[in-house]
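Chemist: The following file, run_36.cif, comprises mmCIF, C-alpha atoms:
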```cif
data_work
loop_
_atom_site.label_atom_id
_atom_site.label_comp_id
_atom_site.auth_asym_id
_atom_site.auth_seq_id
_atom_site.Cartn_x
_atom_site.Cartn_y
_atom_site.Cartn_z
CA MET F 415 3.76 192.90 76.98
CA THR F 416 1.33 193.74 74.19
CA HIS F 417 -0.88 191.69 71.91
CA THR F 418 0.29 192.45 68.37
CA ASP F 419 -1.74 190.00 66.24
CA HIS F 420 -5.51 190.18 65.83
CA ASN F 421 -5.94 186.93 63.89
CA PRO F 422 -8.52 184.85 65.85
CA TYR F 423 -6.53 181.68 65.09
CA ARG F 424 -3.15 183.06 66.14
CA MET F 425 -2.10 185.22 69.09
CA ARG F 426 1.27 186.99 69.01
CA PHE F 427 2.66 188.68 72.11
CA ALA F 428 5.67 191.02 72.27
CA PRO F 429 7.83 192.30 73.87
CA PHE F 430 8.32 190.71 77.30
CA ALA F 431 9.61 192.59 80.32
CA PRO F 432 11.80 190.75 82.89
CA LEU F 433 10.03 188.58 85.43
CA PRO F 434 8.93 190.56 88.49
CA GLY F 435 10.75 189.40 91.63
CA ASP F 436 10.60 185.72 92.51
CA GLU F 437 7.13 185.12 91.13
CA LEU F 438 6.70 183.34 87.80
CA CYS F 439 3.34 184.99 87.20
CA GLU F 440 1.03 187.48 88.79
CA GLY F 441 -2.57 186.59 87.85
CA ALA F 442 -4.96 183.70 88.39
CA GLY F 443 -4.75 182.52 84.77
CA GLY F 444 -0.99 182.01 84.95
CA ARG F 445 -1.18 180.25 88.31
CA LEU F 446 -3.76 177.79 86.98
CA TRP F 447 -1.50 177.08 84.01
CA LEU F 448 1.65 176.42 86.04
CA GLU F 449 -0.10 174.37 88.71
CA ALA F 450 -1.62 172.14 86.03
CA LEU F 451 1.72 171.64 84.27
CA SER F 452 3.65 170.77 87.42
CA PRO F 453 2.47 170.95 91.03
CA GLN F 454 6.08 171.75 91.98
CA ALA F 455 6.44 174.57 89.49
CA ARG F 456 6.45 177.18 92.19
CA GLY F 457 8.45 175.08 94.64
CA THR F 458 12.08 174.10 94.86
CA ALA F 459 14.68 174.01 92.14
CA LYS F 460 13.98 170.30 91.51
CA SER F 461 11.17 171.07 89.11
CA PRO F 462 11.93 171.94 85.44
CA PHE F 463 10.61 175.42 86.03
CA GLY F 464 12.73 175.81 89.12
CA ARG F 465 15.88 174.98 87.19
CA ALA F 466 14.94 177.42 84.42
CA ARG F 467 13.75 180.19 86.73
CA ALA F 468 17.06 182.00 86.85
CA TYR F 469 17.40 181.87 83.07
CA ALA F 470 13.78 182.89 82.47
CA ARG F 471 14.19 185.89 84.73
CA THR F 472 16.85 187.42 82.46
CA ALA F 473 16.06 185.85 79.05
CA ALA F 474 15.16 188.35 76.37
CA VAL F 475 12.03 186.90 74.81
CA THR F 476 11.34 188.90 71.66
CA HIS F 477 7.89 187.49 70.98
CA LEU F 478 5.73 184.42 71.52
CA VAL F 479 3.04 182.96 69.26
CA ILE F 480 0.13 180.80 70.40
CA GLU F 481 -1.81 178.76 67.85
CA PRO F 482 -4.12 175.75 68.22
CA GLY F 483 -1.87 173.08 69.73
CA ILE F 484 1.40 175.00 69.20
CA ILE F 485 3.52 177.42 71.24
CA ARG F 486 6.42 179.15 69.49
CA CYS F 487 8.92 181.32 71.34
CA TRP F 488 11.87 183.42 70.12
CA ILE F 489 14.68 184.22 72.55
CA ASN F 490 17.56 186.59 71.88
CA GLU F 491 20.65 185.52 73.83
CA THR F 492 22.93 188.15 72.29
CA THR F 493 21.31 191.07 74.11
CA GLY F 494 23.94 193.07 75.94
CA THR F 495 26.85 191.29 74.26
CA ALA F 496 28.90 192.15 71.24
CA PRO F 497 29.32 189.06 69.04
CA ALA F 498 32.49 188.78 67.02
CA PRO F 499 32.24 190.01 63.43
CA ARG F 500 31.36 187.41 60.79
CA THR F 501 30.18 185.07 63.53
CA TYR F 502 26.76 183.45 63.39
CA VAL F 503 25.21 182.90 66.79
CA PRO F 504 22.18 180.58 66.62
CA GLN F 505 19.28 181.80 68.70
CA PRO F 506 17.03 179.37 70.57
CA ASN F 507 13.58 178.96 69.10
CA PRO F 508 11.69 176.47 71.28
CA THR F 509 8.45 174.99 69.94
CA ILE F 510 5.99 173.13 72.16
CA HIS F 511 3.17 170.94 70.86
CA ILE F 512 0.13 170.37 73.07
CA PRO F 513 -2.78 168.11 72.02
CA VAL F 514 -6.00 169.91 71.21
CA LEU F 515 -9.47 168.82 72.26
CA ASP F 516 -11.36 166.97 69.55
CA HIS F 517 -14.71 168.05 68.17
CA GLY F 518 -16.68 165.81 70.51
CA GLN F 519 -14.92 167.15 73.59
CA TRP F 520 -15.60 170.74 72.55
CA CYS F 521 -19.27 169.92 72.01
CA ASP F 522 -19.43 168.29 75.47
CA LEU F 523 -17.79 171.32 77.08
CA THR F 524 -20.26 173.58 75.29
CA VAL F 525 -23.25 171.56 76.50
CA ILE F 526 -22.16 171.34 80.13
CA THR F 527 -21.41 175.09 80.35
CA ARG F 528 -24.34 176.44 78.33
CA HIS F 529 -26.42 176.98 81.43
CA LEU F 530 -23.67 179.28 82.76
CA VAL F 531 -23.73 181.66 79.81
CA ASP F 532 -25.58 184.45 81.68
CA ARG F 533 -23.28 184.15 84.68
CA LEU F 534 -20.11 184.04 82.59
CA ALA F 535 -21.11 187.25 80.84
CA ARG F 536 -20.85 189.15 84.16
CA LEU F 537 -17.47 187.70 85.26
CA PRO F 538 -13.94 188.89 84.45
CA ALA F 539 -11.96 186.76 82.02
CA GLU F 540 -9.84 185.03 84.67
CA ASP F 541 -12.95 183.93 86.58
CA VAL F 542 -14.53 182.72 83.32
CA LEU F 543 -11.48 180.53 82.75
CA GLN F 544 -11.75 179.17 86.30
CA GLU F 545 -15.44 178.30 85.76
CA LEU F 546 -14.70 176.52 82.46
CA VAL F 547 -11.82 174.54 83.98
CA VAL F 548 -13.91 173.44 86.97
CA ALA F 549 -16.97 172.54 84.85
CA GLY F 550 -14.81 170.52 82.46
CA ALA F 551 -12.97 168.69 85.26
CA ARG F 552 -16.30 167.61 86.81
CA ASN F 553 -17.16 165.89 83.55
CA GLY F 554 -13.76 164.37 82.79
CA LEU F 555 -12.51 167.11 80.46
CA ARG F 556 -9.09 168.55 81.24
CA LEU F 557 -8.91 172.00 79.72
CA LEU F 558 -5.49 172.58 81.29
CA PRO F 559 -2.75 170.21 80.03
CA ASP F 560 -0.16 168.55 82.24
CA LEU F 561 3.56 168.50 81.63
CA GLY F 562 3.47 164.98 80.19
CA GLN F 563 1.34 166.22 77.28
CA CYS F 564 3.89 168.86 76.22
CA ARG F 565 6.28 167.79 73.45
CA ALA F 566 9.08 170.33 73.26
CA SER F 567 11.69 170.80 70.55
CA CYS F 568 14.56 173.25 70.54
CA GLY F 569 17.76 173.83 68.61
CA CYS F 570 19.95 173.93 71.70
CA SER F 571 22.36 171.20 72.77
CA SER F 572 20.40 170.15 75.84
CA ARG F 573 19.44 166.48 76.07
CA SER F 574 16.68 167.12 78.57
CA ALA F 575 13.09 166.55 77.52
CA LEU F 576 12.35 170.10 78.64
CA CYS F 577 15.30 172.44 78.21
CA LYS F 578 15.55 175.83 79.86
CA HIS F 579 14.38 177.53 76.65
CA ALA F 580 11.18 175.43 76.44
CA ALA F 581 10.56 175.94 80.16
CA THR F 582 10.94 179.68 79.60
CA ALA F 583 8.34 179.48 76.81
CA LEU F 584 5.88 177.76 79.18
CA ILE F 585 6.52 180.38 81.84
CA GLN F 586 5.89 183.15 79.33
CA VAL F 587 2.61 181.44 78.35
CA ALA F 588 1.61 181.78 81.99
CA ARG F 589 2.28 185.50 81.73
CA CYS F 590 0.17 185.63 78.54
CA LEU F 591 -2.67 183.95 80.42
CA ASP F 592 -2.34 186.62 83.11
CA ALA F 593 -3.03 189.24 80.46
CA MET F 594 -5.56 187.26 78.34
CA PRO F 595 -6.78 184.17 80.23
CA LEU F 596 -9.04 182.94 77.43
CA VAL F 597 -6.05 182.38 75.12
CA LEU F 598 -6.03 178.91 76.68
CA LEU F 599 -9.11 178.05 74.60
CA LEU F 600 -7.21 178.88 71.42
CA LEU F 601 -4.23 176.80 72.49
CA ARG F 602 -6.53 173.82 73.09
CA GLY F 603 -8.04 174.11 69.62
CA ARG F 604 -10.88 176.64 69.47
CA PRO F 605 -10.86 180.46 69.31
CA PRO F 606 -12.72 182.04 72.23
CA VAL F 607 -15.05 183.86 69.82
CA ASP F 608 -16.22 180.56 68.31
CA PHE F 609 -16.61 178.87 71.69
CA PHE F 610 -18.79 181.58 73.21
CA ALA F 611 -20.80 181.92 70.01
CA GLY F 612 -21.55 178.20 70.30
CA LEU F 613 -22.72 178.73 73.87
CA GLN F 614 -25.38 181.17 72.69
CA ASP F 615 -26.30 179.49 69.41
CA PRO F 616 -26.67 175.68 69.31
CA ASP F 617 -26.61 175.82 65.49
CA HIS F 618 -23.38 177.80 65.24
CA PRO F 619 -21.09 176.55 62.42
CA SER F 620 -18.28 175.88 64.90
CA LEU F 621 -20.39 173.07 66.40
CA GLN F 622 -20.87 171.37 63.04
CA HIS F 623 -18.30 168.65 62.51
CA HIS F 624 -16.65 168.68 59.08
CA ASP F 625 -13.63 166.41 59.35
CA HIS F 626 -12.37 166.03 55.79
CA ARG F 627 -9.62 163.70 56.89
CA HIS F 628 -12.16 160.94 57.62
CA ALA F 629 -14.47 161.65 54.69
CA SER F 630 -15.07 158.63 52.46
CA LEU F 631 -13.22 158.90 49.19
CA PRO F 632 -14.56 157.55 45.89
CA PRO F 633 -13.03 154.26 44.74
CA VAL F 634 -10.02 154.53 42.49
CA THR F 635 -10.76 153.31 38.95
CA SER F 636 -8.28 153.14 36.12
CA ALA F 637 -9.00 154.98 32.90
CA HIS F 638 -9.04 151.69 30.94
CA ILE F 639 -11.74 150.17 33.17
CA ALA F 640 -13.80 153.37 33.14
CA PHE F 641 -13.66 153.51 29.31
CA HIS F 642 -14.62 149.82 29.01
CA ASP F 643 -17.55 150.25 31.40
CA ARG F 644 -18.71 153.27 29.44
CA GLU F 645 -18.56 151.36 26.17
CA GLN F 646 -20.48 148.38 27.59
CA ALA F 647 -23.15 150.47 29.30
CA THR F 648 -26.59 150.50 27.68
CA ARG F 649 -27.48 153.82 26.18
CA PRO F 650 -31.01 155.19 26.03
CA PRO F 651 -32.63 154.88 22.60
CA LEU F 652 -32.61 157.90 20.34
CA PRO F 653 -35.93 159.53 19.49
CA PRO F 654 -37.49 158.36 16.20
CA VAL F 655 -36.50 160.26 13.08
CA ALA F 656 -39.10 161.12 10.49
CA SER F 657 -38.56 159.38 7.15
CA PRO F 658 -37.41 161.66 4.33
CA PRO F 659 -39.56 162.00 1.19
CA ASP F 660 -38.99 159.60 -1.69
CA GLN F 661 -37.71 162.35 -3.93
CA PRO F 662 -35.78 165.50 -2.99
CA ALA F 663 -37.64 168.76 -3.12
CA VAL F 664 -37.01 170.98 -6.12
CA PRO F 665 -35.10 174.06 -4.90
CA VAL F 666 -36.11 177.46 -6.12
CA VAL F 667 -33.21 179.05 -7.95
CA ARG F 668 -32.94 182.79 -8.24
CA ALA F 669 -31.10 184.43 -11.07
CA VAL F 670 -27.57 185.50 -10.20
CA GLY F 671 -25.81 188.01 -12.39
CA GLY F 672 -22.78 186.70 -14.23
CA PHE F 673 -23.79 183.06 -13.77
CA ALA F 674 -25.70 181.01 -16.37
CA ASP F 675 -29.12 179.88 -15.16
CA TYR F 676 -28.70 176.31 -16.26
CA SER F 677 -25.32 176.01 -14.52
CA LEU F 678 -26.66 177.37 -11.22
CA ALA F 679 -29.75 175.18 -11.42
CA GLY F 680 -27.58 172.15 -12.03
CA LEU F 681 -25.39 172.86 -9.01
CA VAL F 682 -28.36 173.45 -6.72
CA GLY F 683 -30.20 170.39 -8.00
CA ASP F 684 -27.18 168.16 -7.54
CA THR F 685 -26.67 169.47 -4.00
CA ALA F 686 -30.30 168.70 -3.12
CA ARG F 687 -29.98 165.21 -4.57
CA ARG F 688 -26.80 164.50 -2.63
CA ALA F 689 -28.38 165.73 0.61
CA HIS F 690 -31.48 163.58 0.02
CA SER F 691 -29.38 160.50 -0.67
CA LEU F 692 -27.28 161.05 2.47
CA LEU F 693 -30.37 161.57 4.61
CA ARG F 694 -31.95 158.33 3.40
CA THR F 695 -28.71 156.48 4.05
CA LEU F 696 -28.57 157.72 7.62
CA THR F 697 -32.23 157.15 8.46
CA GLU F 698 -33.25 154.11 6.42
CA GLY F 699 -30.00 152.48 5.40
CA VAL F 700 -30.84 153.01 1.75
CA THR F 701 -27.76 153.56 -0.40
CA THR F 702 -28.11 155.35 -3.68
CA ALA F 703 -25.58 155.71 -6.42
CA THR F 704 -23.11 158.49 -5.89
CA ALA F 705 -23.38 161.33 -8.28
CA ARG F 706 -20.89 161.24 -11.10
CA PRO F 707 -18.90 164.27 -12.16
CA ALA F 708 -20.89 164.37 -15.40
CA ASP F 709 -24.10 164.85 -13.39
CA ILE F 710 -22.94 168.01 -11.61
CA PHE F 711 -24.72 170.41 -13.93
CA ALA F 712 -28.20 168.89 -13.72
CA GLU F 713 -31.35 170.85 -14.24
CA ALA F 714 -34.40 170.47 -12.07
CA ASP F 715 -37.39 168.87 -13.73
CA PRO F 716 -40.18 171.47 -13.99
CA GLY F 717 -42.67 168.70 -13.23
CA GLY F 718 -41.23 168.23 -9.73
CA GLY F 719 -39.23 165.07 -10.42
CA SER F 720 -35.59 164.39 -9.74
CA PRO F 721 -33.01 166.51 -11.45
CA VAL F 722 -32.04 165.23 -14.89
CA SER F 723 -28.87 165.73 -16.84
CA PRO F 724 -29.58 167.52 -20.10
CA GLN F 725 -27.26 167.65 -23.05
CA LEU F 726 -25.24 170.72 -22.14
CA PRO F 727 -23.05 172.51 -24.67
CA GLN F 728 -19.33 172.10 -24.29
CA ILE F 729 -18.23 175.08 -22.19
CA PRO F 730 -14.50 175.63 -21.81
CA LEU F 731 -13.20 175.29 -18.28
CA GLN F 732 -11.70 178.78 -18.28
CA GLN F 733 -15.10 180.24 -19.15
CA ARG F 734 -16.73 178.36 -16.28
CA LEU F 735 -14.10 179.66 -13.90
CA ARG F 736 -14.61 183.22 -15.08
CA GLU F 737 -18.37 182.90 -14.58
CA LEU F 738 -17.85 181.56 -11.06
CA GLN F 739 -15.38 184.33 -10.27
CA GLU F 740 -17.74 187.02 -11.52
CA ALA F 741 -20.67 185.52 -9.62
CA THR F 742 -18.86 184.98 -6.32
CA GLY F 743 -16.21 187.69 -6.34
CA MET F 744 -13.50 185.16 -5.49
CA THR F 745 -9.97 185.00 -6.79
CA LYS F 746 -8.75 181.94 -8.65
CA ALA F 747 -6.95 180.60 -5.56
CA GLU F 748 -10.03 181.08 -3.36
CA LEU F 749 -12.28 179.50 -5.91
CA ALA F 750 -9.97 176.50 -6.29
CA GLN F 751 -9.94 176.03 -2.52
CA ALA F 752 -13.73 176.26 -2.38
CA VAL F 753 -14.05 173.62 -5.11
CA ARG F 754 -11.77 171.28 -3.17
CA ASP F 755 -13.68 171.87 0.05
CA TRP F 756 -17.01 171.18 -1.63
CA GLY F 757 -15.74 167.92 -3.09
CA LEU F 758 -16.61 168.91 -6.63
CA ASN F 759 -13.97 166.59 -8.04
CA GLY F 760 -14.84 163.44 -6.12
#
```
Could you show the structure in this file as structure tokens?

Modeler:
Amino acid sequence: MTHTDHNPYRMRFAPFAPLPGDELCEGAGGRLWLEALSPQARGTAKSPFGRARAYARTAAVTHLVIEPGIIRCWINETTGTAPAPRTYVPQPNPTIHIPVLDHGQWCDLTVITRHLVDRLARLPAEDVLQELVVAGARNGLRLLPDLGQCRASCGCSSRSALCKHAATALIQVARCLDAMPLVLLLLRGRPPVDFFAGLQDPDHPSLQHHDHRHASLPPVTSAHIAFHDREQATRPPLPPVASPPDQPAVPVVRAVGGFADYSLAGLVGDTARRAHSLLRTLTEGVTTATARPADIFAEADPGGGSPVSPQLPQIPLQQRLRELQEATGMTKAELAQAVRDWGLNG
């Protein structure tokens, strides 16, 4: 038998040789396991293990997996036989569930055995298991389960609570404990590495309880109620906004080649006036008259006043478009789209 899985939360053992002689196990770890499960395990054929002993002695167990609270075993019953072609032969796959120790019990076991850490470091693994079992039993903690705590399930047709396949799995666990006695800690819910690290370090993360199943969850609130509460909640006041000047500032217009000065000045002046009017509306609630299309080409007053609309000569629309195209480098389609985006017509 070899240990083929190095995951600290799962131990896989394979393959298994036939049972030696009449003994179900050879080491102290296996004997502790079987005696805890059933005091008659090594006695007459009346015990579940006695009835399954003959089968377990010849059963071909391919591998066995031990996880916290779970034992899984795979048995191959077709070894040495030639099944008929096109015939499916189901193989037994017993699974046994054993309750794990809760977080409080592990903390108690850590506290009551912490003073033994120096002594345990000098003992072989089977004696360490014996010390932990005895120390736990003195304080009401059963590290070894009894048969009543084992819930077995198997795909065979047996109606017994513990069929011969499940009994074989428990016997093979005893053989695993002969080879690695501290696997019992993993089966009861904690990897040996974490347990012994907690013995040496009281602040080890394994001793910190983080049970997410019992964590308080936030109350469930519908989206409609959350939106209504958000709308009714008082909002902090916005910082004060400085009042805009009474008149918009006169922008400085630079000469642009291909564009008449008075046309460019009118566009810039009208933009400044619109921005000033919008700013006063937002900050003071003052509404000014919206600029009319005839006021688009307004010149800025050299004296610093608001832009005024001079009597401009009648310029054909096509000429205006050519000037704008030459000044901006746009095509007619791009210029038309820019005029629509700017809102020049409304």

Chemist: Would you mind reading off the distance between atom CA of F:Leu584 and atom CA of F:Ile480, one decimal, in Å?

Modeler: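 Atom-to-atom, atom CA of F:Leu584 and atom CA of F:Ile480 are spaced 10.9 Å apart.
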
Chemist: Just the number, please: distance in Å from atom CA of F:Gly444 to atom CA of F:Asp592, one decimal.

Modeler: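 According to the coordinates, atom CA of F:Gly444 and atom CA of F:Asp592 are separated by 5.1 Å.
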
Chemist: Between F:Ala640, F:Arg426, F:Gln739, F:Ala689, which residue has the minimum interatomic distance to F:Cys590, considering only C-alpha atoms?

Modeler: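 Using only C-alpha atoms, F:Cys590 sits closest to F:Arg426.
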
Chemist: Quick check, in Å to one decimal: how far apart do atom CA of F:Glu740 and atom CA of F:Arg687 lie?

Modeler: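 One can read the atom CA of F:Glu740 to atom CA of F:Arg687 distance as 26.0 Å.
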
Chemist: Counting only C-alpha atoms, which of F:Leu613, F:Ile585, F:Ala473, F:Val479 gets nearest to F:Asp532?

Modeler: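 When distances to F:Asp532 are compared using only C-alpha atoms, the smallest one comes from F:Leu613.
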
Chemist: Check the smallest atom-to-atom distance from each of F:Cys568, F:Ala647, F:Ala583, F:Leu693 to F:Pro662 using only C-alpha atoms, then report the winner.

Modeler: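 For F:Pro662, the nearest of the candidates is F:Leu693.
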
Chemist: Taking into account all atoms listed in the file, which residue in the set F:Pro619, F:Pro538, F:Pro506, F:Gly550 is nearest to F:Val525?

Modeler: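 Residue with the minimum atom-to-atom distance to F:Val525: F:Gly550.
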
Chemist: Kindly indicate which residue among F:Leu749, F:Gln646, F:His579, F:Ala450 lies nearest to F:Leu557, using only C-alpha atoms for the distances.

Modeler: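 Distance minimum relative to F:Leu557 lands on F:Ala450.
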